[in-house]
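Just below is one structure, and these are the notes that go with it.
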Amino acid sequence: MNSPPFNFREVYNVSRTVPIENMRNIGIMAHIDAGKTTVTERLLYYSGRVHRMGEVHDGAATMDFMEQERERGITISSAATACEWKGHHINIIDTPGHIDFTAEVERSLRVLDGAVAVFCAVAGVQPQSETVWRQAQRYRIPRIAFINKMDRVGADFDKAVASMKKRLGANPVPLQFPIGSEDQFRSLIDLVEWRMIAWDKDGVDNAQVISEVPEAYALEAELHRHELIETVASEDEILMEQYLTDEASITVQDLKSAIRRCTLAARLTPVFAGTALRNRGTRLLLDAVVDFMPSPSDMGVYEGTKPRQPGRVVQRRPLDTDPFAALAFKVVTDPHVGRLTFVRVYSGMIKAGQQVTNARTEKKERLGRLIEMHADERTDLPELRAGDIGAVIGCKDTTTGDTLCDPKKIVALMSVDFPEPVVHIAVEAKSKADQEKLSRALAKLTDEDPTFRVRMNEETGQTIMAGMGELHLEILVDRMKREFGVEANVGRPMVAYRETVRGRAEVEKRFVRQTGGRGQYAHVVLTLEGGESGSGFVFEDKVVGGVIPREYIPAVEKGCREAVESGIVTGYAMVDVKVTLTFGSFHEVDSSDMAFQVAGSMAVKEAAPKASPVLLEPIMKLDVITPDEFTGEVIGDCDRRRGRLVGMESEGNTQMIRALVPLADMFGYANDLRSRTQGRATFTMEFSHYDAVPAPVANEIMEKMGNGFRF
């Protein structure tokens with residue numbers, strides 16, 4: 001049932017320092033090296049949050065506070081901060097651009113209300129730009145775009161905007177008309193407020209000089225403004241009516257209101273220009289965040305479900321007076337205060353020291369301290385209210401994606417889905433003294449990072465770490481050494497293979513043990529066959545006539561699932577298979593859950609080799625941007641790596657090559673690509689899907705593993 005209409009101005013608690021409609025929760029997202037962190041540094045400086053700008057290239061950026069980030073000049077972990085601008089409170093999350101850390105972007109976008117997409121004025125939309133744009137679309141987040149690096153050689157504002165249409169399918173609408181580019185970019189025309197803004201310096205005190213639109217640019221700017229009004233009017237009925245009646249009557253506020261409505265509905269993406277490094281355009285970007293980004297109250301009613309009642313929808317409004325509900329979206333182990341849980345409050349309010357309920361575990365958690373984060377700095381807060389983003393200390397069993405809520409009004413908000421890791425490495429402690437430290441470090445890192453998995457290889461006794469890529473695992477190993485003091489031997493990266501079956505096999509299995517007293521007896525007949533792609537493990541019970549009592553069916557399923565997860569033919573987990581239990585028998589005295597669990601496991605293990613098993617490998621989507629003269633070399637190298645070309649796009653003197661390649665043949669690709677292209681090509685790679693390994697290659701893998709099975 002829909003909630004009745006409500007008026008935020010009437011019911012919000014007057015003790016709020018900033019009304020909820022004056023709050024903004026935004027993320028900064030982009031391809032690696034597009035300038036996200038530099039943009040964030042400028043927003044913080046000009047809003048007065050910091051008094052000195054930190055530069056990424058100097059390793060002094062406020063938001064890149066990890067040692068690994070400062071050494072590499074990239075963002076690894078999403079960092080939260082907040083600032084004030086023109087009476088508005090803005091929570092900002094600076095997200096990574098490297099694909100190995102896509103989970104950081106995913107969980108940040110899940111809790112944000114809007115996003116600023118930063119694009120390079122030279123390269124336009126780059127491969128990782130597409131990925132983060134799709135992530136934002138999945139959560140239906142309104143976006144504005146900032147074309148950065150207008151001062152670089154080759155900068156082209158119109159071309160960057162056109163690439164948004166072509167590659168993202170977006171509907172960009174420039175609200176500014178830049179005058180000049182490269183070293184001539186020193187001014188622009190604000191098409192909404194009809195004014196010219198110029199900068200005459202490069203330093204931090206680079207003041208904005210505001211003046212009337214010069215006659216030399218008036219005609220061209222008028223055409224751009226008319227096009228802007230037409231575009232917005234075509235998406236907004238209110239402005240369309242005014243446009244058709246009397247275009248001259250449209251005021252600045254009319255136009256701003258229409259742009260805001262279209263932005264919130266994701267029908268348009270306002271586009272701005274500037275160069276963050278030269279301090280041009282970022283103050284106008286702050287104005288745009290205030291004018292066009294949504295407040296928590298604009299996002300409407302949030303929906304969740306009742307635990308154990310998945311079909312029952314529960315609504316929460318972004319009001320202090322509604323029952324408390326917050327989503328935990330990140331867990332961090334802080335050396336000074338312990339376990340920090342980042343939360344976004346969707347409704348209600350909470351004070352330090354109060355108890356809440358974890359909707360997943362249905363256990364109580366006491367929130368010892370409430371904190372506002374500024375990168376790695378912390379400020380204690382007395383309370384968190386609807387719309388706030390903060391961190392809490394005291395949650396022991398809360399993990400990423402859990403809902404914290406009022407114990408009397410339990411609700412589970414939509415969680416966060418993360419991709420499966422595709423790269424493995426073996427790690428072992430160098431000494432017995434390091435073994436315990438290694439276990440503690442791995443447990444804490446697993447708690448923090450939902451895309452990091454740890455398991456034991458029972459055959460070799462090794463600890464296997466699984467992550468999203470080589471850089472991801474390299475950073476985790478480095479953190480183990482620096483933060484936890486663990487000295488470990490690390491193996492070479494390995495591929496996370498999977499196995500499945502293409503055929504069908506029926507097996508009958510009896511498990512009988514007699515020990516003198518009560519024995520063990522279970523008898524099952526089941527069929528193992530390949531399932532639909534992405535289905536995982538499916539178990540179907542087709543037993544009739546009570547030949548196996550209902551209470552033993554879950555035990556059979558558990559045994560089958562355990563066999564599938566542990567791997568049968570190759571030792572890798574089996575996916576996309578269906579097990580159908582069709583017949584069996586039991587003994588009134590000797591049958592038990594354990595007996596049927598063992599029988600189910602044995603049956604699946606016997607059926608798998610008979611059902612045409614197939615080894616699956618992760619296939620990666622590879623995007624390479626290379627100068628024209630190296631195109632043939634890059635494509636030839638891709639062929640040698642068993643890659644399949646799926647498309648090419650020409651951008652001036654460069655080519656974007658898109659291919660699907662097996663991960664197994666891509667280790668060390670960064671160095672190879674540099675040497676083949678004189679260091680002038682760049683690439684991004686992300687997981688696409690699993691596909692069958694050709695039989696000759698699969699048999700080579702089995703031979704290296706010492707596995708006698710042949711495909």
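The way I read the labels, and the way they are meant: chains A, B, ... in the order of the structure tokens, residue 1 as the first residue of every chain, and ligand 1 as the first ligand shown, with later ones counted on from there.
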Set the distance at 7 Å and use only C-alpha atoms: which residues neighbour region 317-321 of chain A once local chain neighbours fewer than 4 positions away are removed? I'd like the list as a list in words.
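The neighbour list is Tyr12, Asn13, Pro296, Ser297, Gly300, Val301, Tyr302, Tyr346, Ser347, Gly348, Met349, Arg385, Ala386 and Gly387 of chain A.
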What's the separation between CA of Glu508 (chain A) and CA of Ser566 (chain A), in Å to one decimal place?
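Taking CA of Glu508 (chain A) and CA of Ser566 (chain A), their separation equals 20.9 Å.
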List the neighbours of Thr400 (chain A) out to 6 Å using only C-alpha atoms; skip same-chain residues closer than 5 positions along the sequence, and give me the result as an NGL selection string.
:A and (328-330)
Neighbours of Met164 (chain A) within 10 Å (only C-alpha atoms; same-chain residues fewer than 4 positions away dropped), as a short mmCIF file (atom, residue, chain, number, x, y, z; two decimals) with all heavy atoms, in the first residue's frame?
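The resulting file, around.cif, is reproduced below:
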```
data_model
loop_
_atom_site.label_atom_id
_atom_site.label_comp_id
_atom_site.auth_asym_id
_atom_site.auth_seq_id
_atom_site.Cartn_x
_atom_site.Cartn_y
_atom_site.Cartn_z
N PHE A 119 34.98 13.18 -16.80
CA PHE A 119 35.51 12.68 -18.06
C PHE A 119 36.72 13.52 -18.47
O PHE A 119 36.76 14.73 -18.21
CB PHE A 119 34.47 12.73 -19.17
CG PHE A 119 33.22 11.94 -18.88
CD1 PHE A 119 32.07 12.56 -18.42
CD2 PHE A 119 33.20 10.57 -19.05
CE1 PHE A 119 30.93 11.84 -18.15
CE2 PHE A 119 32.06 9.82 -18.78
CZ PHE A 119 30.92 10.46 -18.32
N GLY A 124 37.66 11.63 -23.60
CA GLY A 124 36.21 11.48 -23.56
C GLY A 124 35.81 10.30 -22.69
O GLY A 124 36.39 10.06 -21.63
N VAL A 125 34.83 9.55 -23.14
CA VAL A 125 34.37 8.38 -22.39
C VAL A 125 35.37 7.24 -22.58
O VAL A 125 35.60 6.80 -23.70
CB VAL A 125 32.96 7.94 -22.85
CG1 VAL A 125 32.56 6.64 -22.16
CG2 VAL A 125 31.95 9.04 -22.56
N GLN A 126 35.95 6.78 -21.49
CA GLN A 126 36.92 5.68 -21.53
C GLN A 126 36.26 4.40 -21.00
O GLN A 126 35.15 4.45 -20.45
CB GLN A 126 38.16 6.07 -20.71
CG GLN A 126 38.91 7.25 -21.32
CD GLN A 126 39.93 7.84 -20.37
OE1 GLN A 126 39.61 8.63 -19.49
NE2 GLN A 126 41.19 7.45 -20.55
N SER A 129 34.87 4.36 -17.60
CA SER A 129 33.76 5.33 -17.50
C SER A 129 32.45 4.62 -17.80
O SER A 129 31.42 4.88 -17.17
CB SER A 129 33.95 6.48 -18.50
OG SER A 129 35.22 7.05 -18.41
N GLU A 130 32.46 3.74 -18.80
CA GLU A 130 31.26 3.00 -19.17
C GLU A 130 30.81 2.09 -18.03
O GLU A 130 29.62 1.98 -17.74
CB GLU A 130 31.52 2.17 -20.43
CG GLU A 130 31.82 2.99 -21.67
CD GLU A 130 32.03 2.11 -22.89
OE1 GLU A 130 31.16 1.28 -23.17
OE2 GLU A 130 33.07 2.26 -23.56
N ALA A 145 27.77 15.70 -15.32
CA ALA A 145 29.08 15.37 -15.90
C ALA A 145 30.00 16.59 -15.84
O ALA A 145 29.56 17.73 -16.01
CB ALA A 145 28.92 14.91 -17.34
N LYS A 159 33.67 17.06 -28.56
CA LYS A 159 33.95 15.66 -28.85
C LYS A 159 33.68 14.79 -27.62
O LYS A 159 33.14 13.68 -27.72
CB LYS A 159 35.41 15.52 -29.29
CG LYS A 159 35.82 14.12 -29.70
CD LYS A 159 37.28 14.13 -30.14
CE LYS A 159 37.81 12.73 -30.33
NZ LYS A 159 39.24 12.71 -30.65
N ALA A 160 34.05 15.30 -26.44
CA ALA A 160 33.80 14.56 -25.20
C ALA A 160 32.30 14.39 -24.96
O ALA A 160 31.84 13.32 -24.55
CB ALA A 160 34.46 15.27 -24.02
N LEU A 168 27.68 5.94 -24.11
CA LEU A 168 26.88 5.73 -22.91
C LEU A 168 25.39 5.71 -23.20
O LEU A 168 24.61 5.30 -22.34
CB LEU A 168 27.18 6.83 -21.88
CG LEU A 168 28.64 7.00 -21.44
CD1 LEU A 168 28.76 8.15 -20.46
CD2 LEU A 168 29.17 5.72 -20.84
N GLY A 169 25.01 6.19 -24.39
CA GLY A 169 23.57 6.29 -24.68
C GLY A 169 22.93 7.35 -23.81
O GLY A 169 21.72 7.30 -23.55
N ALA A 170 23.73 8.31 -23.35
CA ALA A 170 23.23 9.35 -22.45
C ALA A 170 22.58 10.48 -23.25
O ALA A 170 22.68 10.53 -24.48
CB ALA A 170 24.38 9.89 -21.59
N ASN A 171 21.95 11.39 -22.53
CA ASN A 171 21.37 12.57 -23.16
C ASN A 171 22.02 13.80 -22.52
O ASN A 171 21.42 14.49 -21.70
CB ASN A 171 19.85 12.60 -22.94
CG ASN A 171 19.18 13.69 -23.77
OD1 ASN A 171 19.81 14.35 -24.60
ND2 ASN A 171 17.89 13.90 -23.52
N PRO A 172 23.30 14.07 -22.88
CA PRO A 172 24.01 15.18 -22.24
C PRO A 172 23.53 16.52 -22.74
O PRO A 172 23.22 16.69 -23.92
CB PRO A 172 25.46 14.93 -22.66
CG PRO A 172 25.37 14.21 -23.96
CD PRO A 172 24.11 13.38 -23.89
N THR A 269 21.49 14.76 -18.62
CA THR A 269 22.72 14.85 -17.82
C THR A 269 23.35 16.21 -18.08
O THR A 269 23.93 16.45 -19.15
CB THR A 269 23.71 13.74 -18.22
OG1 THR A 269 23.10 12.46 -18.07
CG2 THR A 269 24.96 13.82 -17.33
#
```
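The interatomic distance for the pair CA of Gly368 (chain A) and CA of Val392 (chain A) works out to 7.2 Å.
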Can you list, as a count of residues only, every protein, DNA or RNA residue that comes within 9 Å of region 518-531 of chain A when you count only C-alpha atoms, leaving out same-chain residues fewer than 3 positions away?
53
Per-residue DSSP, region 398-591 of chain A, filtered to alpha helix (DSSP H), as a ChimeraX atom specification
/A:432-448,470-484,553-566
Kindly export the residues of the current selection with N, CA and C atoms, as a short mmCIF file (atom, residue, chain, number, x, y, z; two decimals), in the first residue's frame.
```cif
data_model
loop_
_atom_site.label_atom_id
_atom_site.label_comp_id
_atom_site.auth_asym_id
_atom_site.auth_seq_id
_atom_site.Cartn_x
_atom_site.Cartn_y
_atom_site.Cartn_z
N LYS A 432 56.34 -20.06 11.98
CA LYS A 432 55.20 -20.45 12.81
C LYS A 432 54.64 -19.25 13.56
N ALA A 433 55.55 -18.34 13.94
CA ALA A 433 55.11 -17.14 14.66
C ALA A 433 54.21 -16.26 13.79
N ASP A 434 54.45 -16.30 12.45
CA ASP A 434 53.64 -15.49 11.53
C ASP A 434 52.30 -16.13 11.21
N GLN A 435 52.14 -17.43 11.50
CA GLN A 435 50.94 -18.14 11.10
C GLN A 435 49.68 -17.55 11.74
N GLU A 436 49.77 -17.29 13.04
CA GLU A 436 48.61 -16.73 13.74
C GLU A 436 48.31 -15.32 13.26
N LYS A 437 49.38 -14.53 13.04
CA LYS A 437 49.19 -13.17 12.53
C LYS A 437 48.57 -13.20 11.13
N LEU A 438 48.98 -14.18 10.31
CA LEU A 438 48.42 -14.31 8.97
C LEU A 438 46.92 -14.59 9.04
N SER A 439 46.52 -15.49 9.92
CA SER A 439 45.10 -15.84 10.07
C SER A 439 44.28 -14.62 10.49
N ARG A 440 44.82 -13.85 11.44
CA ARG A 440 44.10 -12.65 11.91
C ARG A 440 44.00 -11.61 10.79
N ALA A 441 45.10 -11.43 10.06
CA ALA A 441 45.10 -10.44 8.97
C ALA A 441 44.10 -10.82 7.89
N LEU A 442 44.08 -12.09 7.50
CA LEU A 442 43.16 -12.54 6.45
C LEU A 442 41.71 -12.38 6.90
N ALA A 443 41.44 -12.66 8.18
CA ALA A 443 40.07 -12.53 8.69
C ALA A 443 39.61 -11.07 8.63
N LYS A 444 40.49 -10.15 8.99
CA LYS A 444 40.12 -8.73 8.98
C LYS A 444 39.97 -8.21 7.56
N LEU A 445 40.85 -8.63 6.66
CA LEU A 445 40.75 -8.18 5.27
C LEU A 445 39.50 -8.73 4.59
N THR A 446 39.13 -9.98 4.92
CA THR A 446 37.91 -10.57 4.38
C THR A 446 36.69 -9.83 4.88
N ASP A 447 36.75 -9.41 6.14
CA ASP A 447 35.65 -8.66 6.74
C ASP A 447 35.45 -7.32 6.03
N GLU A 448 36.56 -6.70 5.63
CA GLU A 448 36.50 -5.39 4.97
C GLU A 448 36.06 -5.48 3.52
N GLU A 470 45.26 -8.93 -10.41
CA GLU A 470 46.62 -8.94 -9.88
C GLU A 470 46.88 -7.77 -8.94
N LEU A 471 46.43 -6.57 -9.34
CA LEU A 471 46.67 -5.39 -8.51
C LEU A 471 45.92 -5.49 -7.18
N HIS A 472 44.70 -5.98 -7.24
CA HIS A 472 43.89 -6.17 -6.03
C HIS A 472 44.63 -7.03 -5.02
N LEU A 473 45.14 -8.18 -5.46
CA LEU A 473 45.84 -9.10 -4.56
C LEU A 473 47.19 -8.52 -4.13
N GLU A 474 47.84 -7.81 -5.03
CA GLU A 474 49.13 -7.19 -4.68
C GLU A 474 48.95 -6.19 -3.53
N ILE A 475 47.87 -5.40 -3.61
CA ILE A 475 47.59 -4.41 -2.56
C ILE A 475 47.28 -5.11 -1.24
N LEU A 476 46.52 -6.19 -1.29
CA LEU A 476 46.16 -6.91 -0.06
C LEU A 476 47.39 -7.53 0.60
N VAL A 477 48.29 -8.09 -0.21
CA VAL A 477 49.53 -8.67 0.35
C VAL A 477 50.38 -7.56 0.97
N ASP A 478 50.43 -6.40 0.30
CA ASP A 478 51.19 -5.27 0.83
C ASP A 478 50.60 -4.79 2.15
N ARG A 479 49.27 -4.77 2.24
CA ARG A 479 48.61 -4.35 3.48
C ARG A 479 48.88 -5.34 4.62
N MET A 480 48.92 -6.63 4.28
CA MET A 480 49.22 -7.63 5.31
C MET A 480 50.58 -7.36 5.93
N LYS A 481 51.53 -6.99 5.08
CA LYS A 481 52.89 -6.76 5.56
C LYS A 481 52.98 -5.48 6.38
N ARG A 482 52.38 -4.38 5.86
CA ARG A 482 52.53 -3.08 6.52
C ARG A 482 51.62 -2.92 7.74
N GLU A 483 50.35 -3.30 7.59
CA GLU A 483 49.39 -3.04 8.66
C GLU A 483 49.38 -4.12 9.73
N PHE A 484 49.68 -5.36 9.33
CA PHE A 484 49.57 -6.47 10.28
C PHE A 484 50.91 -7.12 10.59
N ILE A 553 15.32 -35.43 2.89
CA ILE A 553 15.56 -34.76 1.60
C ILE A 553 16.57 -33.61 1.74
N PRO A 554 16.42 -32.71 2.75
CA PRO A 554 17.41 -31.62 2.90
C PRO A 554 18.84 -32.15 3.08
N ALA A 555 18.98 -33.32 3.75
CA ALA A 555 20.31 -33.89 3.95
C ALA A 555 20.92 -34.33 2.61
N VAL A 556 20.08 -34.91 1.74
CA VAL A 556 20.56 -35.30 0.41
C VAL A 556 21.02 -34.06 -0.35
N GLU A 557 20.21 -33.01 -0.29
CA GLU A 557 20.57 -31.77 -0.99
C GLU A 557 21.88 -31.20 -0.45
N LYS A 558 22.05 -31.22 0.87
CA LYS A 558 23.28 -30.69 1.47
C LYS A 558 24.51 -31.47 1.00
N GLY A 559 24.39 -32.80 0.94
CA GLY A 559 25.51 -33.61 0.47
C GLY A 559 25.86 -33.33 -0.98
N CYS A 560 24.82 -33.19 -1.81
CA CYS A 560 25.04 -32.87 -3.23
C CYS A 560 25.71 -31.51 -3.38
N ARG A 561 25.22 -30.53 -2.62
CA ARG A 561 25.77 -29.17 -2.70
C ARG A 561 27.24 -29.15 -2.28
N GLU A 562 27.56 -29.87 -1.19
CA GLU A 562 28.95 -29.90 -0.72
C GLU A 562 29.88 -30.52 -1.76
N ALA A 563 29.41 -31.58 -2.43
CA ALA A 563 30.22 -32.23 -3.46
C ALA A 563 30.47 -31.29 -4.62
N VAL A 564 29.43 -30.58 -5.02
CA VAL A 564 29.53 -29.65 -6.14
C VAL A 564 30.47 -28.50 -5.82
N GLU A 565 30.37 -27.96 -4.60
CA GLU A 565 31.19 -26.80 -4.23
C GLU A 565 32.66 -27.16 -4.07
N SER A 566 32.95 -28.40 -3.70
CA SER A 566 34.34 -28.78 -3.49
C SER A 566 35.03 -29.19 -4.79
#
```
Which residues are close to region 463-469 of chain A, i.e. within 8 Å by only C-alpha atoms, leaving aside same-chain residues fewer than 5 positions away? Reply as a PyMOL selection string.
chain A and resi 100-101+420-428+451-457+496
Residues near Ala123 (chain A), cut-off 10 Å, only C-alpha atoms, skip fewer than 3 positions along chain, as a VMD selection string:
chain A and resid 34 119 to 120 126 149 154 to 156 159 to 160 163 625 651 654
Residue with smallest distance to Ile144 (chain A) - pool A:Leu268, A:Ile350, A:Met620, A:Ile568, counting only C-alpha atoms
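Among the listed residues, the smallest separation from Ile144 (chain A) belongs to A:Leu268.
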Could you pull out the strand (DSSP E) residues of region 181-384 of chain A, going by DSSP on the backbone, and write them as an MDAnalysis selection string?
chainID A and resid 187:190 195:199 208:211 269:273 302:306 309:316 325:334 338:347 349:351 355:358 363:366 369:374 377:381 383:384
Among listed residues A:Met494, A:Phe539, A:Thr626, A:Pro613, nearest Met666 (chain A) (using only C-alpha atoms)
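Among the listed residues, the smallest separation from Met666 (chain A) belongs to A:Met494.
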Shortest interatomic distance to Leu673 (chain A) - which of A:Leu277, A:Leu660, A:Val634, A:Ala136, counting only C-alpha atoms
A:Val634
